[in-house]
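A.B. asks: The structure is given below, and queries will be raised subsequently.
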Amino acid sequence: MPRLLLIEDDAAIRTSLTRSLSERGHAVASAPTAMAGLQAVVDTAPDLVVLDLGLPDLDGGKLIQMVRAVSKVPIIVATARDDQAEMVRILDWGADDYVVKPFASDHLEARIRAVLRRMASGDPTQAVVVGGLRIDQRTREASLDGAKLELTRKEFDLLLYLAEHEGEVVSKRVLLAEVWQQAYGGADKTVDVHLSWLRRKLGESAAAPQYLLSVRGVGVKLVGPGQET
Ligand code: CA
């Protein structure tokens, strides 16, 4: 059972996340301050840390760097700020992934599973690889057969999410929730438009797919080449 450490000063969020992550089979410990969190990292060597960036006693960025100085434990950051410069900083400080507040616990759990899976795969670059596709979350770069793909932020997030769920049919509702953080009931068009842009950049089309297969009435799945069926 993966042991998670949640560093979060908001008692209500701490309680609800501890409950929902425990229900999903994680052993969850928590700390209400940066210093208590750092102490817990040293004392308990958790498998993964979820860290709120806005802590009362220490800047979250500082805390990430202090954790990094003593441990290689994967870190997922929860941040209230959704801008690209902030995300790049968070990853530069040594975090492995981030979620933007407010987030659904399902979304966080998916990120946790993905990070733990990457760790278990032993790939130090932590890139997701499917066939000729290589998606590196740290640098936010993706390539196809060695050629760099010029993707917008949402295209990158969409490709990464689908690649992390290789072979699984993912519904547009789930994509809206996970990639756009939009509540269910949003417009499918958003997903369709981005999928078609992504297809074009991958050099394929809905009629002649290679990686991105539409499953009529259900959603889309990403597969390796030659796995159309
Ligand atoms: Ca906070």
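Order determines the names: the first chain of the structure tokens is A, the second B, and so forth; residues in each chain are numbered 1 upward, and ligands are numbered 1 upward as they are shown.
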Set the distance at 8 Å and use only C-alpha atoms: which residues neighbour Gln181 in chain A once local chain neighbours fewer than 4 positions away are removed? I'd like the list as an NGL selection string.

C.D. replies: :A and (103 or 176-177)

A.B. asks: Could the residues that lie within 9 Å of ligand 1, counting only C-alpha atoms and all ligand atoms, be listed as JSON, numbers by chain?

C.D. replies: {"A": [8, 9, 10, 52, 53, 54, 55, 56, 78, 79, 80]}

A.B. asks: Could you dump the residues just selected with N, CA, C and O atoms as a PDB file, in the first residue's frame?

C.D. replies:
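Result went into again.pdb, see below:
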```pdb
ATOM      1  N   GLU A   8      -0.639  20.116   4.232  1.00  0.00           N
ATOM      2  CA  GLU A   8      -1.754  21.030   3.908  1.00  0.00           C
ATOM      3  C   GLU A   8      -2.201  21.701   5.201  1.00  0.00           C
ATOM      4  O   GLU A   8      -2.462  21.023   6.191  1.00  0.00           O
ATOM      5  N   ASP A   9      -2.299  23.034   5.175  1.00  0.00           N
ATOM      6  CA  ASP A   9      -2.655  23.735   6.418  1.00  0.00           C
ATOM      7  C   ASP A   9      -4.162  23.850   6.621  1.00  0.00           C
ATOM      8  O   ASP A   9      -4.620  24.064   7.735  1.00  0.00           O
ATOM      9  N   ASP A  10      -4.931  23.707   5.538  1.00  0.00           N
ATOM     10  CA  ASP A  10      -6.388  23.828   5.660  1.00  0.00           C
ATOM     11  C   ASP A  10      -6.966  22.522   6.213  1.00  0.00           C
ATOM     12  O   ASP A  10      -6.923  21.487   5.553  1.00  0.00           O
ATOM     13  N   ASP A  52       0.746  21.384  -0.419  1.00  0.00           N
ATOM     14  CA  ASP A  52       0.035  22.632  -0.694  1.00  0.00           C
ATOM     15  C   ASP A  52       1.076  23.752  -0.795  1.00  0.00           C
ATOM     16  O   ASP A  52       1.940  23.864   0.068  1.00  0.00           O
ATOM     17  N   LEU A  53       0.985  24.542  -1.847  1.00  0.00           N
ATOM     18  CA  LEU A  53       2.005  25.582  -2.046  1.00  0.00           C
ATOM     19  C   LEU A  53       1.842  26.739  -1.064  1.00  0.00           C
ATOM     20  O   LEU A  53       2.804  27.412  -0.720  1.00  0.00           O
ATOM     21  N   GLY A  54       0.616  26.979  -0.616  1.00  0.00           N
ATOM     22  CA  GLY A  54       0.373  28.092   0.302  1.00  0.00           C
ATOM     23  C   GLY A  54       0.344  27.622   1.739  1.00  0.00           C
ATOM     24  O   GLY A  54      -0.709  27.283   2.272  1.00  0.00           O
ATOM     25  N   LEU A  55       1.509  27.586   2.376  1.00  0.00           N
ATOM     26  CA  LEU A  55       1.606  27.137   3.768  1.00  0.00           C
ATOM     27  C   LEU A  55       1.948  28.333   4.649  1.00  0.00           C
ATOM     28  O   LEU A  55       2.588  29.279   4.195  1.00  0.00           O
ATOM     29  N   PRO A  56       1.538  28.298   5.930  1.00  0.00           N
ATOM     30  CA  PRO A  56       1.682  29.490   6.769  1.00  0.00           C
ATOM     31  C   PRO A  56       3.117  29.785   7.197  1.00  0.00           C
ATOM     32  O   PRO A  56       3.481  30.944   7.355  1.00  0.00           O
ATOM     33  N   ALA A  78      -0.079  21.061  -4.937  1.00  0.00           N
ATOM     34  CA  ALA A  78      -1.410  21.641  -5.137  1.00  0.00           C
ATOM     35  C   ALA A  78      -1.247  23.151  -5.110  1.00  0.00           C
ATOM     36  O   ALA A  78      -0.723  23.703  -4.147  1.00  0.00           O
ATOM     37  N   THR A  79      -1.642  23.791  -6.184  1.00  0.00           N
ATOM     38  CA  THR A  79      -1.479  25.237  -6.256  1.00  0.00           C
ATOM     39  C   THR A  79      -2.787  25.905  -6.653  1.00  0.00           C
ATOM     40  O   THR A  79      -3.591  25.311  -7.368  1.00  0.00           O
ATOM     41  N   ALA A  80      -2.986  27.122  -6.162  1.00  0.00           N
ATOM     42  CA  ALA A  80      -4.198  27.856  -6.518  1.00  0.00           C
ATOM     43  C   ALA A  80      -3.992  28.642  -7.807  1.00  0.00           C
ATOM     44  O   ALA A  80      -4.944  29.120  -8.411  1.00  0.00           O
TER      45      ALA A  80
END
```

A.B. asks: Any chance you could list, as a PyMOL selection string, the residues in range 18-219 of chain A that come up helix (DSSP H, G or I) when DSSP is run on the backbone?

C.D. replies: chain A and resi 18-23+34-44+60-70+84-93+105-121+153-164+172-179+188-201

A.B. asks: Can you tell me, as a list in words, which residues in range 13-87 of chain A count as strand (DSSP E) by DSSP?

C.D. replies: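 Put together, the selection reads Ala27, Val28, Ala29, Ser30, Ala31, Leu48, Val49, Val50, Leu51, Asp52, Ile75, Ile76, Val77, Ala78 and Thr79 of chain A.
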
A.B. asks: Tell me, as a PDB file with all heavy atoms, in the first residue's frame, which residues lie within 8 Å of range 45-49 of chain A, counting only C-alpha atoms; anything in the same chain fewer than 2 positions away does not count.

C.D. replies:
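Written output follows (part_9.pdb):
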```pdb
ATOM      1  N   PRO A   2       0.734   2.138  -0.989  1.00  0.00           N
ATOM      2  CA  PRO A   2       1.578   3.337  -1.026  1.00  0.00           C
ATOM      3  C   PRO A   2       1.306   4.230   0.190  1.00  0.00           C
ATOM      4  O   PRO A   2       0.154   4.436   0.557  1.00  0.00           O
ATOM      5  CB  PRO A   2       1.145   4.047  -2.318  1.00  0.00           C
ATOM      6  CG  PRO A   2       0.352   3.058  -3.079  1.00  0.00           C
ATOM      7  CD  PRO A   2      -0.199   2.076  -2.097  1.00  0.00           C
ATOM      8  N   ARG A   3       2.382   4.742   0.756  1.00  0.00           N
ATOM      9  CA  ARG A   3       2.241   5.640   1.910  1.00  0.00           C
ATOM     10  C   ARG A   3       2.405   7.086   1.444  1.00  0.00           C
ATOM     11  O   ARG A   3       3.457   7.477   0.940  1.00  0.00           O
ATOM     12  CB  ARG A   3       3.267   5.286   2.983  1.00  0.00           C
ATOM     13  CG  ARG A   3       2.966   3.912   3.636  1.00  0.00           C
ATOM     14  CD  ARG A   3       3.985   3.542   4.697  1.00  0.00           C
ATOM     15  NE  ARG A   3       5.333   3.643   4.188  1.00  0.00           N
ATOM     16  CZ  ARG A   3       6.236   4.531   4.615  1.00  0.00           C
ATOM     17  NH1 ARG A   3       5.933   5.383   5.560  1.00  0.00           N
ATOM     18  NH2 ARG A   3       7.436   4.555   4.089  1.00  0.00           N
ATOM     19  N   LEU A   4       1.341   7.847   1.606  1.00  0.00           N
ATOM     20  CA  LEU A   4       1.339   9.239   1.162  1.00  0.00           C
ATOM     21  C   LEU A   4       1.476  10.170   2.359  1.00  0.00           C
ATOM     22  O   LEU A   4       0.946   9.893   3.433  1.00  0.00           O
ATOM     23  CB  LEU A   4       0.027   9.583   0.452  1.00  0.00           C
ATOM     24  CG  LEU A   4      -0.476   8.667  -0.657  1.00  0.00           C
ATOM     25  CD1 LEU A   4      -1.734   9.259  -1.283  1.00  0.00           C
ATOM     26  CD2 LEU A   4       0.593   8.468  -1.707  1.00  0.00           C
ATOM     27  N   LEU A   5       2.159  11.281   2.129  1.00  0.00           N
ATOM     28  CA  LEU A   5       2.205  12.341   3.132  1.00  0.00           C
ATOM     29  C   LEU A   5       1.559  13.584   2.527  1.00  0.00           C
ATOM     30  O   LEU A   5       1.963  14.044   1.455  1.00  0.00           O
ATOM     31  CB  LEU A   5       3.652  12.654   3.528  1.00  0.00           C
ATOM     32  CG  LEU A   5       3.832  13.872   4.446  1.00  0.00           C
ATOM     33  CD1 LEU A   5       3.159  13.642   5.799  1.00  0.00           C
ATOM     34  CD2 LEU A   5       5.317  14.184   4.626  1.00  0.00           C
ATOM     35  N   LEU A   6       0.554  14.084   3.213  1.00  0.00           N
ATOM     36  CA  LEU A   6      -0.177  15.258   2.750  1.00  0.00           C
ATOM     37  C   LEU A   6       0.231  16.449   3.619  1.00  0.00           C
ATOM     38  O   LEU A   6       0.023  16.422   4.830  1.00  0.00           O
ATOM     39  CB  LEU A   6      -1.674  14.953   2.882  1.00  0.00           C
ATOM     40  CG  LEU A   6      -2.683  16.052   2.598  1.00  0.00           C
ATOM     41  CD1 LEU A   6      -2.590  16.485   1.145  1.00  0.00           C
ATOM     42  CD2 LEU A   6      -4.090  15.533   2.910  1.00  0.00           C
ATOM     43  N   ILE A   7       0.829  17.469   2.993  1.00  0.00           N
ATOM     44  CA  ILE A   7       1.220  18.670   3.739  1.00  0.00           C
ATOM     45  C   ILE A   7       0.257  19.781   3.336  1.00  0.00           C
ATOM     46  O   ILE A   7       0.303  20.292   2.211  1.00  0.00           O
ATOM     47  CB  ILE A   7       2.681  19.083   3.444  1.00  0.00           C
ATOM     48  CG1 ILE A   7       3.624  17.887   3.674  1.00  0.00           C
ATOM     49  CG2 ILE A   7       3.090  20.265   4.330  1.00  0.00           C
ATOM     50  CD1 ILE A   7       5.082  18.172   3.308  1.00  0.00           C
ATOM     51  N   ALA A  40       8.315  15.030   8.878  1.00  0.00           N
ATOM     52  CA  ALA A  40       7.660  13.756   8.578  1.00  0.00           C
ATOM     53  C   ALA A  40       8.327  13.061   7.389  1.00  0.00           C
ATOM     54  O   ALA A  40       8.409  11.828   7.351  1.00  0.00           O
ATOM     55  CB  ALA A  40       6.176  13.978   8.308  1.00  0.00           C
ATOM     56  N   VAL A  41       8.801  13.839   6.419  1.00  0.00           N
ATOM     57  CA  VAL A  41       9.520  13.245   5.284  1.00  0.00           C
ATOM     58  C   VAL A  41      10.755  12.514   5.794  1.00  0.00           C
ATOM     59  O   VAL A  41      11.041  11.370   5.418  1.00  0.00           O
ATOM     60  CB  VAL A  41       9.928  14.325   4.245  1.00  0.00           C
ATOM     61  CG1 VAL A  41      10.899  13.749   3.219  1.00  0.00           C
ATOM     62  CG2 VAL A  41       8.698  14.880   3.541  1.00  0.00           C
ATOM     63  N   VAL A  42      11.491  13.190   6.690  1.00  0.00           N
ATOM     64  CA  VAL A  42      12.722  12.600   7.227  1.00  0.00           C
ATOM     65  C   VAL A  42      12.402  11.384   8.103  1.00  0.00           C
ATOM     66  O   VAL A  42      13.034  10.334   7.982  1.00  0.00           O
ATOM     67  CB  VAL A  42      13.502  13.661   8.048  1.00  0.00           C
ATOM     68  CG1 VAL A  42      14.687  13.033   8.764  1.00  0.00           C
ATOM     69  CG2 VAL A  42      13.961  14.792   7.134  1.00  0.00           C
ATOM     70  N   ASP A  43      11.402  11.526   8.961  1.00  0.00           N
ATOM     71  CA  ASP A  43      11.100  10.474   9.949  1.00  0.00           C
ATOM     72  C   ASP A  43      10.428   9.253   9.340  1.00  0.00           C
ATOM     73  O   ASP A  43      10.655   8.129   9.786  1.00  0.00           O
ATOM     74  CB  ASP A  43      10.183  11.020  11.056  1.00  0.00           C
ATOM     75  CG  ASP A  43      10.901  12.027  11.944  1.00  0.00           C
ATOM     76  OD1 ASP A  43      12.150  12.093  11.875  1.00  0.00           O
ATOM     77  OD2 ASP A  43      10.218  12.748  12.696  1.00  0.00           O
ATOM     78  N   LEU A  51       1.760  18.333  -1.632  1.00  0.00           N
ATOM     79  CA  LEU A  51       2.167  19.511  -0.897  1.00  0.00           C
ATOM     80  C   LEU A  51       1.384  20.731  -1.350  1.00  0.00           C
ATOM     81  O   LEU A  51       1.335  21.045  -2.545  1.00  0.00           O
ATOM     82  CB  LEU A  51       3.667  19.669  -1.169  1.00  0.00           C
ATOM     83  CG  LEU A  51       4.540  20.730  -0.575  1.00  0.00           C
ATOM     84  CD1 LEU A  51       5.982  20.288  -0.711  1.00  0.00           C
ATOM     85  CD2 LEU A  51       4.355  22.052  -1.278  1.00  0.00           C
ATOM     86  N   VAL A  73      11.872  11.612  -2.767  1.00  0.00           N
ATOM     87  CA  VAL A  73      10.451  11.261  -2.772  1.00  0.00           C
ATOM     88  C   VAL A  73       9.692  12.084  -3.835  1.00  0.00           C
ATOM     89  O   VAL A  73       9.914  13.291  -3.964  1.00  0.00           O
ATOM     90  CB  VAL A  73       9.824  11.478  -1.367  1.00  0.00           C
ATOM     91  CG1 VAL A  73       9.868  12.949  -0.959  1.00  0.00           C
ATOM     92  CG2 VAL A  73       8.388  10.967  -1.328  1.00  0.00           C
ATOM     93  N   PRO A  74       8.837  11.438  -4.641  1.00  0.00           N
ATOM     94  CA  PRO A  74       8.054  12.218  -5.603  1.00  0.00           C
ATOM     95  C   PRO A  74       7.121  13.204  -4.899  1.00  0.00           C
ATOM     96  O   PRO A  74       6.551  12.886  -3.860  1.00  0.00           O
ATOM     97  CB  PRO A  74       7.253  11.168  -6.373  1.00  0.00           C
ATOM     98  CG  PRO A  74       7.449   9.877  -5.682  1.00  0.00           C
ATOM     99  CD  PRO A  74       8.612   9.992  -4.764  1.00  0.00           C
ATOM    100  N   ILE A  75       7.006  14.387  -5.508  1.00  0.00           N
ATOM    101  CA  ILE A  75       6.196  15.460  -4.919  1.00  0.00           C
ATOM    102  C   ILE A  75       5.143  15.914  -5.927  1.00  0.00           C
ATOM    103  O   ILE A  75       5.475  16.229  -7.069  1.00  0.00           O
ATOM    104  CB  ILE A  75       7.070  16.676  -4.558  1.00  0.00           C
ATOM    105  CG1 ILE A  75       8.145  16.288  -3.535  1.00  0.00           C
ATOM    106  CG2 ILE A  75       6.212  17.825  -4.025  1.00  0.00           C
ATOM    107  CD1 ILE A  75       9.175  17.397  -3.290  1.00  0.00           C
ATOM    108  N   ILE A  76       3.902  15.938  -5.495  1.00  0.00           N
ATOM    109  CA  ILE A  76       2.836  16.557  -6.292  1.00  0.00           C
ATOM    110  C   ILE A  76       2.397  17.816  -5.554  1.00  0.00           C
ATOM    111  O   ILE A  76       2.107  17.779  -4.360  1.00  0.00           O
ATOM    112  CB  ILE A  76       1.636  15.605  -6.481  1.00  0.00           C
ATOM    113  CG1 ILE A  76       2.070  14.370  -7.278  1.00  0.00           C
ATOM    114  CG2 ILE A  76       0.488  16.327  -7.200  1.00  0.00           C
ATOM    115  CD1 ILE A  76       0.955  13.372  -7.516  1.00  0.00           C
ATOM    116  N   ILE A 112      -1.488  10.926  -8.745  1.00  0.00           N
ATOM    117  CA  ILE A 112      -0.683  10.132  -7.810  1.00  0.00           C
ATOM    118  C   ILE A 112      -0.326   8.788  -8.455  1.00  0.00           C
ATOM    119  O   ILE A 112       0.827   8.367  -8.449  1.00  0.00           O
ATOM    120  CB  ILE A 112      -1.446   9.905  -6.483  1.00  0.00           C
ATOM    121  CG1 ILE A 112      -1.527  11.222  -5.692  1.00  0.00           C
ATOM    122  CG2 ILE A 112      -0.779   8.813  -5.635  1.00  0.00           C
ATOM    123  CD1 ILE A 112      -2.428  11.160  -4.466  1.00  0.00           C
ATOM    124  N   LEU A 116       3.451   7.502  -9.362  1.00  0.00           N
ATOM    125  CA  LEU A 116       3.975   6.267  -8.757  1.00  0.00           C
ATOM    126  C   LEU A 116       4.341   5.260  -9.844  1.00  0.00           C
ATOM    127  O   LEU A 116       5.331   4.546  -9.745  1.00  0.00           O
ATOM    128  CB  LEU A 116       2.944   5.665  -7.791  1.00  0.00           C
ATOM    129  CG  LEU A 116       2.737   6.434  -6.473  1.00  0.00           C
ATOM    130  CD1 LEU A 116       1.601   5.829  -5.666  1.00  0.00           C
ATOM    131  CD2 LEU A 116       4.021   6.485  -5.641  1.00  0.00           C
TER     132      LEU A 116
END
```

A.B. asks: Quick one: residues within 10 Å of Val223 in chain A, only C-alpha atoms, excluding same-chain residues fewer than 6 positions away - as a PyMOL selection string?

C.D. replies: chain A and resi 130-131+162-163+165-169+209-213+229

A.B. asks: Tell me, as a list in words, which residues lie within 12 Å of Ala69 in chain A, counting only C-alpha atoms; anything in the same chain fewer than 2 positions away does not count.

C.D. replies: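 Here the answer would be Leu38, Val41, Val42, Lys62, Leu63, Ile64, Gln65, Met66, Val67, Ser71, Lys72, Val73, Trp93 and Gly94 of chain A.
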
A.B. asks: What lies within 12 Å of Val193 in chain A using only C-alpha atoms, ignoring chain neighbours under 4 positions off, as a tab-separated table (two decimals) with C-alpha atoms, in the first residue's frame?

C.D. replies:
```
chain	number	residue	atom	x	y	z
A	154	LYS	CA	-3.92	21.97	-23.66
A	155	GLU	CA	-2.82	19.77	-26.56
A	158	LEU	CA	-4.54	16.05	-23.57
A	172	LYS	CA	-14.98	13.21	-23.47
A	187	ALA	CA	-19.27	21.17	-24.35
A	188	ASP	CA	-17.89	18.11	-26.16
A	189	LYS	CA	-16.86	20.49	-28.94
A	197	TRP	CA	-5.65	19.73	-33.88
A	198	LEU	CA	-3.66	17.09	-32.06
A	199	ARG	CA	-4.34	14.56	-34.84
A	200	ARG	CA	-3.10	17.00	-37.44
A	206	ALA	CA	-9.94	10.54	-37.61
```

A.B. asks: How many Å lie between CA of Ala95 in chain A and CA of Val50 in chain A, rounded to one decimal?

C.D. replies: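 Computed distance, CA of Ala95 in chain A to CA of Val50 in chain A, equals 9.7 Å.
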
A.B. asks: Would you mind reading off the distance between CA of Arg140 in chain A and CA of Gly219 in chain A, one decimal, in Å?

C.D. replies: 24.7 Å

A.B. asks: So how far away is CA of Arg24 in chain A from CA of Ala36 in chain A, in Å?

C.D. replies: 24.7 Å

A.B. asks: Using only C-alpha atoms for the distances, tell me which of A:Leu21, A:Ala120, A:Val174, A:Val77 is nearest to Tyr98 in chain A.

C.D. replies: A:Val77

A.B. asks: I need the residue nearest Ser16 in chain A from this list: A:Val170, A:Val28, A:Ala85, A:Leu159. Use only C-alpha atoms for the distance.

C.D. replies: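 Using only C-alpha atoms, the shortest distance to Ser16 in chain A belongs to A:Val28.
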